[in-house]
>>> print(open('data-v4.tsv').read())   # TSV, C-alpha atoms and all ligand atoms
chain	number	residue	atom	x	y	z
A	32	MET	CA	75.87	-38.74	5.92
A	33	ALA	CA	74.23	-35.39	6.74
A	34	GLN	CA	71.46	-34.52	4.31
A	35	PRO	CA	72.65	-31.77	1.94
A	36	THR	CA	70.44	-28.72	1.39
A	37	HIS	CA	68.90	-27.83	-1.96
A	38	GLU	CA	71.44	-25.05	-2.40
A	39	ARG	CA	74.34	-27.37	-1.68
A	40	VAL	CA	73.12	-29.97	-4.17
A	41	ARG	CA	72.84	-27.29	-6.88
A	42	ARG	CA	76.32	-26.05	-6.02
A	43	SER	CA	77.81	-29.54	-6.23
A	44	ILE	CA	76.22	-29.94	-9.68
A	45	ALA	CA	77.69	-26.60	-10.81
A	46	GLN	CA	81.11	-27.66	-9.53
A	47	ALA	CA	80.97	-31.21	-10.94
A	48	GLN	CA	84.07	-32.25	-12.83
A	49	THR	CA	82.66	-35.39	-14.44
A	50	ILE	CA	79.03	-35.22	-15.52
A	51	VAL	CA	76.77	-37.82	-17.12
A	52	ILE	CA	73.92	-36.30	-19.11
A	53	LYS	CA	71.07	-38.50	-20.29
A	54	VAL	CA	68.77	-37.27	-23.02
A	55	GLY	CA	65.52	-39.00	-24.00
A	56	SER	CA	64.18	-39.81	-27.45
A	57	SER	CA	61.50	-37.12	-27.40
A	58	SER	CA	64.13	-34.40	-26.88
A	59	LEU	CA	66.00	-35.35	-30.07
A	60	THR	CA	63.41	-36.56	-32.53
A	61	LYS	CA	60.10	-35.67	-34.16
A	62	PRO	CA	56.96	-37.73	-33.63
A	63	SER	CA	57.29	-38.82	-37.28
A	64	GLY	CA	60.36	-40.90	-36.35
A	65	HIS	CA	63.08	-38.61	-37.70
A	66	LEU	CA	65.89	-36.74	-35.97
A	67	ASP	CA	65.15	-33.14	-35.06
A	68	PRO	CA	68.47	-31.41	-35.89
A	69	ALA	CA	67.47	-28.10	-34.28
A	70	LYS	CA	66.78	-29.77	-30.91
A	71	LEU	CA	69.96	-31.82	-31.13
A	72	ASP	CA	72.09	-28.78	-32.02
A	73	ALA	CA	70.67	-26.75	-29.13
A	74	LEU	CA	71.50	-29.54	-26.68
A	75	VAL	CA	75.01	-29.91	-28.08
A	76	ALA	CA	75.62	-26.15	-27.70
A	77	ALA	CA	74.85	-26.39	-23.96
A	78	LEU	CA	77.05	-29.47	-23.48
A	79	ALA	CA	79.88	-27.97	-25.51
A	80	CYS	CA	79.84	-24.92	-23.26
A	81	ALA	CA	80.38	-27.09	-20.18
A	82	ARG	CA	83.03	-29.16	-21.98
A	83	LEU	CA	84.94	-26.06	-23.11
A	84	GLN	CA	84.95	-24.86	-19.50
A	85	GLY	CA	86.80	-28.05	-18.57
A	86	ALA	CA	84.07	-30.49	-17.48
A	87	ARG	CA	84.37	-34.15	-18.49
A	88	ILE	CA	81.09	-34.90	-20.23
A	89	VAL	CA	79.51	-38.29	-20.97
A	90	LEU	CA	76.32	-38.14	-23.02
A	91	VAL	CA	73.92	-41.07	-22.69
A	92	SER	CA	71.68	-40.55	-25.69
A	93	SER	CA	68.46	-42.37	-26.54
A	94	GLY	CA	66.82	-41.84	-29.88
A	95	ALA	CA	68.16	-44.65	-32.06
A	96	ILE	CA	64.77	-46.32	-32.49
A	97	ALA	CA	62.91	-42.99	-32.64
A	98	ALA	CA	65.29	-41.65	-35.34
A	99	GLY	CA	65.20	-44.88	-37.33
A	100	PHE	CA	61.55	-45.74	-37.76
A	101	GLY	CA	60.72	-42.74	-40.00
A	102	PRO	CA	63.52	-43.39	-42.53
A	103	LEU	CA	62.43	-47.04	-42.66
A	104	GLY	CA	58.90	-46.00	-43.66
A	105	PHE	CA	57.04	-46.71	-40.39
A	106	GLU	CA	54.43	-44.22	-39.22
A	107	ARG	CA	54.89	-44.92	-35.54
A	108	ARG	CA	57.39	-46.60	-33.23
A	109	PRO	CA	57.11	-50.34	-34.01
A	110	ALA	CA	56.07	-52.61	-31.16
A	111	ASP	CA	57.93	-55.81	-32.03
A	112	ILE	CA	61.51	-56.32	-30.88
A	113	ALA	CA	63.04	-57.36	-34.21
A	114	THR	CA	61.73	-54.25	-36.02
A	115	GLN	CA	62.77	-52.02	-33.10
A	116	GLN	CA	66.26	-53.50	-33.34
A	117	ALA	CA	66.36	-52.87	-37.10
A	118	CYS	CA	65.22	-49.26	-36.52
A	119	ALA	CA	67.87	-48.82	-33.84
A	120	SER	CA	70.55	-50.08	-36.20
A	121	VAL	CA	69.58	-47.43	-38.79
A	122	GLY	CA	68.81	-44.66	-36.29
A	123	GLN	CA	72.01	-45.06	-34.26
A	124	GLY	CA	74.13	-44.28	-37.34
A	125	LEU	CA	72.04	-41.21	-38.14
A	126	LEU	CA	72.25	-40.06	-34.52
A	127	MET	CA	76.04	-40.37	-34.36
A	128	ALA	CA	76.50	-38.68	-37.74
A	129	ARG	CA	74.54	-35.69	-36.44
A	130	TYR	CA	76.39	-35.56	-33.10
A	131	GLU	CA	79.70	-35.66	-34.98
A	132	VAL	CA	78.73	-32.66	-37.13
A	133	SER	CA	77.12	-30.77	-34.27
A	134	PHE	CA	79.99	-31.13	-31.75
A	135	SER	CA	82.57	-30.38	-34.46
A	136	ARG	CA	81.15	-26.81	-34.60
A	137	PHE	CA	82.95	-26.41	-31.26
A	138	GLY	CA	86.04	-28.45	-32.18
A	139	ILE	CA	84.89	-31.32	-29.95
A	140	ARG	CA	85.24	-34.98	-30.91
A	141	VAL	CA	82.67	-37.63	-30.04
A	142	GLY	CA	83.15	-41.38	-29.56
A	143	GLN	CA	80.42	-44.01	-29.68
A	144	ILE	CA	80.00	-46.59	-26.91
A	145	LEU	CA	77.22	-49.15	-27.29
A	146	ILE	CA	76.73	-51.08	-24.09
A	147	THR	CA	74.57	-53.97	-22.91
A	148	ALA	CA	73.28	-54.72	-19.42
A	149	GLU	CA	75.74	-57.61	-19.29
A	150	ASP	CA	78.67	-55.25	-19.84
A	151	THR	CA	77.78	-53.60	-16.55
A	152	ILE	CA	77.97	-56.86	-14.58
A	153	ARG	CA	80.66	-59.10	-16.06
A	154	ALA	CA	83.94	-57.95	-14.52
A	155	THR	CA	86.05	-57.96	-17.71
A	156	GLN	CA	83.46	-56.11	-19.81
A	157	TYR	CA	82.84	-53.67	-16.96
A	158	HIS	CA	86.56	-52.87	-16.71
A	159	ASN	CA	86.86	-52.57	-20.49
A	160	ALA	CA	83.97	-50.09	-20.57
A	161	GLN	CA	85.50	-48.18	-17.67
A	162	ARG	CA	88.96	-48.05	-19.24
A	163	THR	CA	87.66	-46.88	-22.62
A	164	LEU	CA	85.41	-44.22	-21.08
A	165	ASP	CA	88.22	-42.96	-18.84
A	166	ARG	CA	90.62	-42.74	-21.76
A	167	LEU	CA	88.11	-40.96	-23.99
A	168	LEU	CA	87.50	-38.41	-21.21
A	169	ASP	CA	91.25	-37.95	-20.69
A	170	LEU	CA	91.52	-37.20	-24.43
A	171	GLY	CA	88.79	-34.55	-24.18
A	172	VAL	CA	86.31	-36.60	-26.21
A	173	VAL	CA	82.58	-36.64	-25.39
A	174	PRO	CA	81.59	-40.32	-25.26
A	175	VAL	CA	78.06	-40.85	-26.61
A	176	VAL	CA	76.63	-43.93	-24.94
A	177	ASN	CA	73.52	-45.90	-25.85
A	178	GLU	CA	72.29	-49.38	-25.15
A	179	ASN	CA	73.38	-51.78	-27.88
A	180	ASP	CA	69.77	-52.09	-29.04
A	181	ALA	CA	70.48	-53.95	-32.25
A	182	LEU	CA	71.98	-56.88	-30.35
A	183	ALA	CA	70.65	-56.52	-26.79
A	184	ASN	CA	69.21	-59.69	-25.32
A	185	ASN	CA	65.58	-58.90	-24.67
A	186	GLU	CA	65.51	-60.80	-21.37
A	187	ILE	CA	67.91	-58.45	-19.66
A	188	ARG	CA	67.96	-55.28	-21.73
A	189	PHE	CA	67.36	-51.95	-20.06
A	190	GLY	CA	64.94	-50.73	-22.75
A	191	ASP	CA	65.07	-47.19	-21.47
A	192	ASN	CA	68.39	-45.42	-20.93
A	193	ASP	CA	67.54	-43.90	-17.56
A	194	ARG	CA	68.87	-46.71	-15.39
A	195	LEU	CA	71.77	-47.27	-17.80
A	196	SER	CA	72.78	-43.62	-17.31
A	197	ALA	CA	72.91	-44.10	-13.53
A	198	LEU	CA	75.16	-47.14	-13.99
A	199	VAL	CA	77.38	-45.20	-16.41
A	200	ALA	CA	77.57	-42.41	-13.80
A	201	ASN	CA	78.87	-45.05	-11.42
A	202	ILE	CA	81.34	-46.49	-13.94
A	203	VAL	CA	82.92	-43.08	-14.65
A	204	ARG	CA	82.67	-42.05	-10.97
A	205	ALA	CA	80.60	-39.02	-12.01
A	206	ASP	CA	80.02	-36.06	-9.73
A	207	ALA	CA	76.54	-35.37	-11.16
A	208	LEU	CA	73.82	-36.98	-13.25
A	209	VAL	CA	71.57	-34.79	-15.42
A	210	LEU	CA	68.38	-36.38	-16.79
A	211	LEU	CA	66.92	-34.44	-19.72
A	212	THR	CA	63.43	-35.18	-20.95
A	213	ASP	CA	60.30	-33.53	-22.40
A	214	VAL	CA	58.89	-32.28	-19.09
A	215	ASP	CA	60.50	-29.42	-17.13
A	216	ALA	CA	60.55	-31.19	-13.74
A	217	LEU	CA	59.20	-33.97	-11.59
A	218	TYR	CA	55.60	-33.30	-10.55
A	219	THR	CA	53.61	-34.70	-7.65
A	220	ALA	CA	51.57	-36.60	-10.29
A	221	PRO	CA	51.73	-36.86	-14.10
A	222	PRO	CA	51.53	-33.22	-15.32
A	223	SER	CA	48.38	-34.01	-17.33
A	224	GLN	CA	46.55	-34.63	-14.01
A	225	PRO	CA	44.84	-31.48	-12.66
A	226	GLY	CA	46.38	-30.26	-9.42
A	227	SER	CA	49.83	-31.84	-9.93
A	228	LYS	CA	52.56	-29.62	-8.52
A	229	LYS	CA	56.17	-29.10	-9.52
A	230	ILE	CA	58.83	-30.45	-7.12
A	231	ASP	CA	62.04	-28.37	-6.93
A	232	PHE	CA	64.05	-30.54	-4.59
A	233	VAL	CA	63.90	-34.15	-3.45
A	234	PRO	CA	65.96	-34.54	-0.26
A	235	ASP	CA	65.17	-38.26	0.06
A	236	VAL	CA	64.37	-40.05	-3.16
A	237	GLU	CA	63.40	-43.23	-1.29
A	238	ARG	CA	60.53	-41.31	0.32
A	239	ALA	CA	59.63	-39.66	-2.98
A	240	LEU	CA	59.32	-43.11	-4.59
A	241	ASN	CA	56.40	-43.79	-2.25
A	242	GLU	CA	54.82	-40.35	-2.36
A	243	VAL	CA	55.03	-39.17	-5.98
A	244	LYS	CA	52.58	-40.55	-8.52
A	245	VAL	CA	54.49	-41.44	-11.65
A	246	ALA	CA	53.43	-42.86	-14.98
A	247	GLY	CA	55.10	-44.30	-18.05
A	248	SER	CA	55.87	-42.45	-21.24
A	249	SER	CA	53.15	-40.74	-23.22
A	250	SER	CA	55.32	-39.21	-25.94
A	251	GLY	CA	54.98	-42.10	-28.40
A	252	VAL	CA	58.75	-42.22	-28.87
A	253	GLY	CA	60.08	-42.57	-25.28
A	254	THR	CA	59.98	-45.71	-23.16
A	255	GLY	CA	60.35	-45.58	-19.42
A	256	GLY	CA	58.44	-42.43	-18.49
A	257	MET	CA	58.98	-40.97	-15.03
A	258	VAL	CA	59.14	-44.42	-13.39
A	259	THR	CA	62.59	-45.25	-14.74
A	260	LYS	CA	63.82	-41.67	-14.26
A	261	LEU	CA	63.03	-41.84	-10.55
A	262	GLU	CA	64.75	-45.23	-10.42
A	263	ALA	CA	67.81	-43.66	-12.06
A	264	ALA	CA	67.77	-40.77	-9.57
A	265	HIS	CA	67.49	-43.36	-6.77
A	266	MET	CA	70.42	-45.37	-8.13
A	267	ALA	CA	72.48	-42.18	-8.38
A	268	ALA	CA	71.50	-41.13	-4.85
A	269	VAL	CA	72.54	-44.44	-3.31
A	270	SER	CA	75.81	-44.15	-5.24
A	271	GLY	CA	76.48	-40.77	-3.67
A	272	ILE	CA	75.77	-38.86	-6.89
A	273	PRO	CA	73.44	-35.81	-6.96
A	274	ALA	CA	71.02	-35.62	-9.89
A	275	VAL	CA	68.87	-33.07	-11.64
A	276	LEU	CA	65.89	-33.76	-13.87
A	277	THR	CA	64.59	-31.17	-16.33
A	278	CYS	CA	63.72	-30.58	-19.97
A	279	ALA	CA	66.41	-30.56	-22.65
A	280	ALA	CA	65.94	-26.80	-23.21
A	281	ASN	CA	67.14	-26.26	-19.61
A	282	ALA	CA	70.38	-28.22	-20.08
A	283	GLY	CA	72.60	-25.12	-19.87
A	284	PRO	CA	71.08	-23.63	-16.68
A	285	ALA	CA	70.92	-27.09	-15.07
A	286	LEU	CA	74.65	-27.59	-15.64
A	287	MET	CA	75.35	-24.17	-14.15
A	288	GLY	CA	73.52	-25.13	-10.97
A	289	ASP	CA	70.53	-22.82	-11.57
A	290	PRO	CA	67.39	-23.93	-9.74
A	291	VAL	CA	65.64	-25.39	-12.80
A	292	GLY	CA	63.81	-28.73	-12.81
A	293	THR	CA	64.09	-31.06	-9.83
A	294	ALA	CA	67.31	-31.68	-7.90
A	295	PHE	CA	67.87	-34.95	-6.02
A	296	ALA	CA	70.18	-35.12	-3.02
A	297	PRO	CA	72.63	-38.02	-2.69
A	298	ILE	CA	71.76	-40.30	0.22
A	299	LYS	CA	74.70	-42.65	0.58
A	300	ARG	CA	78.29	-43.11	-0.23
A	301	ARG	CA	79.35	-44.72	-3.47
A	302	GLY	CA	78.51	-48.45	-3.94
A	303	SER	CA	79.59	-51.01	-6.56
A	304	SER	CA	77.78	-50.76	-9.89
A	305	ARG	CA	77.44	-54.53	-10.20
A	306	ARG	CA	75.41	-54.60	-6.99
A	307	LEU	CA	73.43	-51.59	-8.20
A	308	TRP	CA	72.57	-53.43	-11.40
A	309	ILE	CA	71.51	-56.54	-9.48
A	310	LYS	CA	69.32	-54.52	-7.15
A	311	PHE	CA	67.68	-52.15	-9.60
A	312	ALA	CA	67.95	-53.40	-13.14
A	313	SER	CA	68.18	-57.19	-13.22
A	314	HIS	CA	65.29	-59.50	-14.06
A	315	PRO	CA	65.59	-62.74	-12.04
A	316	ARG	CA	65.33	-65.94	-14.09
A	317	GLY	CA	64.73	-68.37	-11.22
A	318	VAL	CA	64.45	-68.87	-7.47
A	319	LEU	CA	66.51	-70.53	-4.74
A	320	VAL	CA	64.36	-71.34	-1.70
A	321	VAL	CA	66.40	-71.30	1.50
A	322	ASP	CA	65.89	-72.72	5.01
A	323	THR	CA	65.47	-70.61	8.14
A	324	GLY	CA	69.18	-70.60	9.04
A	325	ALA	CA	70.29	-69.52	5.57
A	326	ALA	CA	67.52	-66.90	5.45
A	327	GLN	CA	68.80	-65.44	8.75
A	328	ALA	CA	72.42	-65.45	7.53
A	329	VAL	CA	71.53	-63.74	4.25
A	330	ARG	CA	69.29	-61.17	5.99
A	331	ALA	CA	72.08	-60.35	8.46
A	332	GLY	CA	74.21	-59.26	5.47
A	333	ARG	CA	77.65	-60.07	4.05
A	334	ALA	CA	77.03	-63.86	3.97
A	335	SER	CA	77.34	-65.94	0.81
A	336	LEU	CA	74.56	-68.43	0.10
A	337	LEU	CA	75.87	-71.99	0.53
A	338	SER	CA	74.16	-75.07	-0.93
A	339	ALA	CA	73.81	-76.50	2.58
A	340	GLY	CA	71.03	-73.99	3.31
A	341	VAL	CA	69.14	-74.27	0.03
A	342	LEU	CA	66.01	-76.42	-0.14
A	343	GLU	CA	64.81	-76.06	-3.70
A	344	VAL	CA	65.69	-74.56	-7.07
A	345	ARG	CA	63.09	-73.24	-9.52
A	346	GLY	CA	63.43	-71.95	-13.08
A	347	ASP	CA	65.85	-72.48	-15.91
A	348	PHE	CA	68.95	-70.28	-15.71
A	349	SER	CA	72.68	-70.26	-16.38
A	350	ALA	CA	75.60	-69.43	-14.12
A	351	GLY	CA	75.82	-65.61	-13.91
A	352	ASP	CA	72.06	-65.10	-14.34
A	353	PRO	CA	70.11	-63.09	-11.75
A	354	ILE	CA	67.88	-65.10	-9.41
A	355	TRP	CA	65.64	-64.48	-6.39
A	356	ILE	CA	66.51	-65.88	-2.98
A	357	ASP	CA	63.22	-66.67	-1.21
A	358	ASP	CA	62.46	-67.87	2.30
A	359	GLU	CA	60.22	-70.91	2.86
A	360	SER	CA	57.09	-68.73	2.95
A	361	GLY	CA	57.85	-67.50	-0.58
A	362	LYS	CA	58.97	-64.00	0.48
A	363	HIS	CA	61.84	-62.50	-1.56
A	364	ILE	CA	64.85	-61.87	0.71
A	365	ALA	CA	67.55	-61.04	-1.77
A	366	LYS	CA	68.54	-60.96	-5.41
A	367	GLY	CA	71.81	-62.43	-6.59
A	368	LEU	CA	73.78	-63.84	-9.48
A	369	SER	CA	73.83	-67.62	-9.51
A	370	GLY	CA	77.22	-69.30	-9.40
A	371	TYR	CA	75.90	-72.38	-11.24
A	372	ASP	CA	73.49	-73.45	-14.00
A	373	SER	CA	70.06	-74.39	-12.61
A	374	GLU	CA	70.43	-78.00	-13.78
A	375	GLU	CA	73.63	-78.46	-11.74
A	376	ILE	CA	72.08	-77.29	-8.50
A	377	PRO	CA	69.65	-80.10	-7.39
A	378	ARG	CA	72.44	-82.58	-6.62
A	379	MET	CA	74.33	-79.90	-4.64
A	380	LEU	CA	71.41	-79.03	-2.35
A	381	GLY	CA	71.80	-79.63	1.38
A	382	ARG	CA	75.49	-80.60	1.04
A	383	ASN	CA	78.29	-78.78	2.83
A	384	THR	CA	81.44	-77.56	1.09
A	385	ALA	CA	83.55	-80.58	2.11
A	386	GLN	CA	80.94	-82.98	0.72
A	387	LEU	CA	80.65	-81.02	-2.52
A	388	ARG	CA	84.42	-81.16	-3.00
A	389	ARG	CA	84.58	-84.90	-2.18
A	390	PHE	CA	81.61	-85.94	-4.36
A	391	PHE	CA	81.86	-83.58	-7.32
A	392	GLY	CA	85.32	-81.91	-7.31
A	393	ASP	CA	86.79	-78.51	-6.49
A	394	GLU	CA	84.68	-76.58	-9.01
A	395	TYR	CA	81.56	-77.38	-6.97
A	396	ALA	CA	82.99	-76.28	-3.63
A	397	HIS	CA	81.80	-72.66	-4.02
A	398	PRO	CA	78.74	-70.75	-2.75
A	399	LEU	CA	75.61	-70.92	-4.89
A	400	VAL	CA	75.58	-67.10	-4.66
A	401	HIS	CA	78.73	-65.27	-3.61
A	402	ARG	CA	78.16	-62.38	-1.19
A	403	ASP	CA	79.68	-59.89	-3.68
A	404	ASN	CA	76.90	-60.85	-6.09
A	405	LEU	CA	74.05	-60.65	-3.61
A	406	VAL	CA	71.87	-57.73	-2.50
A	407	LEU	CA	69.04	-57.62	0.01
A	408	VAL	CA	65.65	-56.44	-1.24
B	501	LIG	N1	55.03	-37.38	-11.76
B	501	LIG	C1	55.43	-37.04	-13.01
B	501	LIG	N2	56.11	-35.89	-13.19
B	501	LIG	C2	56.55	-35.51	-14.42
B	501	LIG	N3	56.36	-36.26	-15.54
B	501	LIG	C3	55.69	-37.42	-15.43
B	501	LIG	C4	55.21	-37.88	-14.16
B	501	LIG	N4	54.62	-39.09	-14.37
B	501	LIG	C5	54.72	-39.35	-15.67
B	501	LIG	N5	55.37	-38.39	-16.35
B	501	LIG	C6	55.61	-38.42	-17.81
B	501	LIG	O1	56.95	-38.85	-18.11
B	501	LIG	C7	57.28	-38.36	-19.41
B	501	LIG	C8	58.77	-38.43	-19.68
B	501	LIG	O2	59.18	-39.76	-19.91
B	501	LIG	P1	59.60	-40.34	-21.37
B	501	LIG	O3	58.49	-40.06	-22.34
B	501	LIG	O4	60.05	-41.75	-21.20
B	501	LIG	O5	60.79	-39.38	-21.74
B	501	LIG	P2	62.20	-39.64	-22.40
B	501	LIG	O6	61.96	-40.09	-23.80
B	501	LIG	O7	62.81	-38.27	-22.28
B	501	LIG	O8	62.95	-40.67	-21.58
B	501	LIG	C9	56.71	-36.97	-19.38
B	501	LIG	O9	56.38	-36.52	-20.66
B	501	LIG	C10	55.47	-37.07	-18.48
B	501	LIG	O10	54.28	-37.10	-19.22
B	502	LIG	N1	68.21	-47.26	-26.56
B	502	LIG	C1	66.89	-46.83	-27.02
B	502	LIG	C2	66.23	-46.07	-25.92
B	502	LIG	C3	64.75	-46.22	-26.00
B	502	LIG	C4	63.97	-45.10	-25.33
B	502	LIG	O1	62.91	-44.79	-25.80
B	502	LIG	O2	64.51	-44.47	-24.28
B	502	LIG	P1	63.98	-43.10	-23.59
B	502	LIG	O3	63.63	-42.13	-24.67
B	502	LIG	O4	65.17	-42.66	-22.81
B	502	LIG	O5	62.79	-43.45	-22.73
B	502	LIG	C5	67.04	-45.95	-28.27
B	502	LIG	O6	68.10	-45.35	-28.47
B	502	LIG	O7	66.09	-45.88	-29.03
>>> encode(input="data-v4.tsv", output="structure tokens")
Amino acid sequence: MAQPTHERVRRSIAQAQTIVIKVGSSSLTKPSGHLDPAKLDALVAALACARLQGARIVLVSSGAIAAGFGPLGFERRPADIATQQACASVGQGLLMARYEVSFSRFGIRVGQILITAEDTIRATQYHNAQRTLDRLLDLGVVPVVNENDALANNEIRFGDNDRLSALVANIVRADALVLLTDVDALYTAPPSQPGSKKIDFVPDVERALNEVKVAGSSSGVGTGGMVTKLEAAHMAAVSGIPAVLTCAANAGPALMGDPVGTAFAPIKRRGSSRRLWIKFASHPRGVLVVDTGAAQAVRAGRASLLSAGVLEVRGDFSAGDPIWIDDESGKHIAKGLSGYDSEEIPRMLGRNTAQLRRFFGDEYAHPLVHRDNLVLV
């Protein structure tokens, strides 16, 4: 794919039909842990303008924890998971109530979608999420998406919404991803560092990942900082989706394709979001160590991992969990979703498919990791 110019990327954002907009906690809340209605209303006005001009808008909104800790009497964002989840449960309701009122000023309905990382990988949940989002968009509704913080399993939760927004962009086959935060653009280093320079256009986000110095959040209410935003822009780029990163106050100009913030060019054609999740967002729970032949087959691409080529299993995981595939020297070759529970695997090792069927039955005659659930790293 020829690399698009800065101008072309801005134009494709201006012409986007389906747009996913992600807004961070600091752009919606006060440091005291309460919603900031003025900020929220200003954002909604910009989104409503695009919606009323015919765009299909999905809003991925953080802020549940940051809007919930103040009303619950905490002075700062709590650090422990259970209290964060309680804050999210309170804050999410307050957030939606405000979005409902704010969008209704423009006659626009909102619908809440709370999603977990698992919903983006399990086929039935993925299709359910896709069908509901598509239908909401057909009905002119603005879906407001957040991670299901109150119930999310800590082992595999996103934590930030940046990477989730890139997966949602994939699910709704978006034409553009807009990441709104508390800084006006990506800088060559954290803006607090003297000498850091603003970047207007990133033609190749994979190169930028190596060259730009990024840090985590410093706002006290946000989570991922610039690290997860660059990952989201990367995920969008490899899905063929252009992205723009800027501050929430620039939402309107960004949607119109004005040269605000930082634009990221797409670098590939669209891929599957399950594979995207495995590659970028999953946290492996174990390891399968493979022999030289299996390592070669996996590295060559499009091969499933068969038990015949696996030497050892490490860790405690269930079928469907993400795992590393390592070569004998301990180097990670790929990430994948295991087809079996870790405790079932030792007796399968080194056996070919015919042996597995004969000794253990048809349900064991499958790859340990199917090629559709495997990505090279
Ligand atoms: N290279 C960089 N360029 C711009 N911002 C950066 C960079 N590295 C770190 N940051 C920080 O990332 C912060 C935004 O992330 P975060 O606080 O998680 O926002 P949000 O809540 O909107 O997701 C900025 O306030 C900034 O201080
Ligand atoms: N789902 C969480 C997101 C947490 C968070 O801080 O995200 P972000 O502000 O996007 O870095 C919430 O709504 O509080």
>>> residues_near_ligand(input="data-v4.tsv", ligand="ligand LIG 501 (chain B)", cutoff="10 Å", atoms="all atoms listed in the file", output="PyMOL selection string")
chain A and resi 53-60+92-94+97+191-193+210-224+227-230+242-261+276-279+293
>>> residues_near_point(input="data-v4.tsv", point="(75.4, -72.6, 2.1)", cutoff="12 Å", atoms="all atoms listed in the file", output="count of residues only")
37
>>> closest_residue(input="data-v4.tsv", among="A:Asp231, A:Pro174, A:Leu103, A:Val269", to="Asp289 of chain A", atoms="all atoms listed in the file")
A:Asp231
>>> residues_around(input="data-v4.tsv", residues="His37 of chain A", least_positions_apart="4", cutoff="8 Å", atoms="all atoms listed in the file", output="ChimeraX atom specification")
/A:41,232,234,294,296
>>> atom_distance(input="data-v4.tsv", atom1="atom CA of Val275 of chain A", atom2="atom CA of Leu208 of chain A")
6.5 Å
>>> build_atoms(input="data-v4.tsv", residues="segment 96-107 of chain A", atoms="N, CA, C and O atoms", output="PDB file, keeping the file's coordinate frame")
ATOM      1  N   ILE A  96      65.990 -45.746 -31.912  1.00  0.00           N
ATOM      2  CA  ILE A  96      64.770 -46.320 -32.490  1.00  0.00           C
ATOM      3  C   ILE A  96      63.897 -45.183 -33.046  1.00  0.00           C
ATOM      4  O   ILE A  96      63.392 -45.256 -34.171  1.00  0.00           O
ATOM      5  N   ALA A  97      63.784 -44.106 -32.247  1.00  0.00           N
ATOM      6  CA  ALA A  97      62.910 -42.990 -32.640  1.00  0.00           C
ATOM      7  C   ALA A  97      63.423 -42.253 -33.868  1.00  0.00           C
ATOM      8  O   ALA A  97      62.646 -41.620 -34.576  1.00  0.00           O
ATOM      9  N   ALA A  98      64.744 -42.324 -34.146  1.00  0.00           N
ATOM     10  CA  ALA A  98      65.290 -41.650 -35.340  1.00  0.00           C
ATOM     11  C   ALA A  98      65.325 -42.605 -36.533  1.00  0.00           C
ATOM     12  O   ALA A  98      65.592 -42.188 -37.660  1.00  0.00           O
ATOM     13  N   GLY A  99      65.061 -43.882 -36.265  1.00  0.00           N
ATOM     14  CA  GLY A  99      65.200 -44.880 -37.330  1.00  0.00           C
ATOM     15  C   GLY A  99      63.899 -45.339 -37.938  1.00  0.00           C
ATOM     16  O   GLY A  99      63.868 -45.828 -39.069  1.00  0.00           O
ATOM     17  N   PHE A 100      62.784 -45.161 -37.196  1.00  0.00           N
ATOM     18  CA  PHE A 100      61.550 -45.740 -37.760  1.00  0.00           C
ATOM     19  C   PHE A 100      60.982 -44.919 -38.909  1.00  0.00           C
ATOM     20  O   PHE A 100      60.414 -45.470 -39.854  1.00  0.00           O
ATOM     21  N   GLY A 101      61.174 -43.589 -38.888  1.00  0.00           N
ATOM     22  CA  GLY A 101      60.720 -42.740 -40.000  1.00  0.00           C
ATOM     23  C   GLY A 101      61.438 -43.101 -41.306  1.00  0.00           C
ATOM     24  O   GLY A 101      60.791 -43.447 -42.296  1.00  0.00           O
ATOM     25  N   PRO A 102      62.784 -43.049 -41.310  1.00  0.00           N
ATOM     26  CA  PRO A 102      63.520 -43.390 -42.530  1.00  0.00           C
ATOM     27  C   PRO A 102      63.186 -44.790 -43.058  1.00  0.00           C
ATOM     28  O   PRO A 102      63.312 -45.046 -44.250  1.00  0.00           O
ATOM     29  N   LEU A 103      62.771 -45.693 -42.189  1.00  0.00           N
ATOM     30  CA  LEU A 103      62.430 -47.040 -42.660  1.00  0.00           C
ATOM     31  C   LEU A 103      60.965 -47.140 -43.120  1.00  0.00           C
ATOM     32  O   LEU A 103      60.486 -48.219 -43.452  1.00  0.00           O
ATOM     33  N   GLY A 104      60.251 -46.024 -43.095  1.00  0.00           N
ATOM     34  CA  GLY A 104      58.900 -46.000 -43.660  1.00  0.00           C
ATOM     35  C   GLY A 104      57.786 -46.351 -42.676  1.00  0.00           C
ATOM     36  O   GLY A 104      56.636 -46.527 -43.081  1.00  0.00           O
ATOM     37  N   PHE A 105      58.111 -46.426 -41.371  1.00  0.00           N
ATOM     38  CA  PHE A 105      57.040 -46.710 -40.390  1.00  0.00           C
ATOM     39  C   PHE A 105      56.420 -45.397 -39.926  1.00  0.00           C
ATOM     40  O   PHE A 105      57.109 -44.390 -39.777  1.00  0.00           O
ATOM     41  N   GLU A 106      55.113 -45.447 -39.663  1.00  0.00           N
ATOM     42  CA  GLU A 106      54.430 -44.220 -39.220  1.00  0.00           C
ATOM     43  C   GLU A 106      54.567 -43.983 -37.730  1.00  0.00           C
ATOM     44  O   GLU A 106      54.489 -42.866 -37.251  1.00  0.00           O
ATOM     45  N   ARG A 107      54.700 -45.074 -36.983  1.00  0.00           N
ATOM     46  CA  ARG A 107      54.890 -44.920 -35.540  1.00  0.00           C
ATOM     47  C   ARG A 107      55.925 -45.920 -35.057  1.00  0.00           C
ATOM     48  O   ARG A 107      56.302 -46.841 -35.811  1.00  0.00           O
TER      49      ARG A 107
END
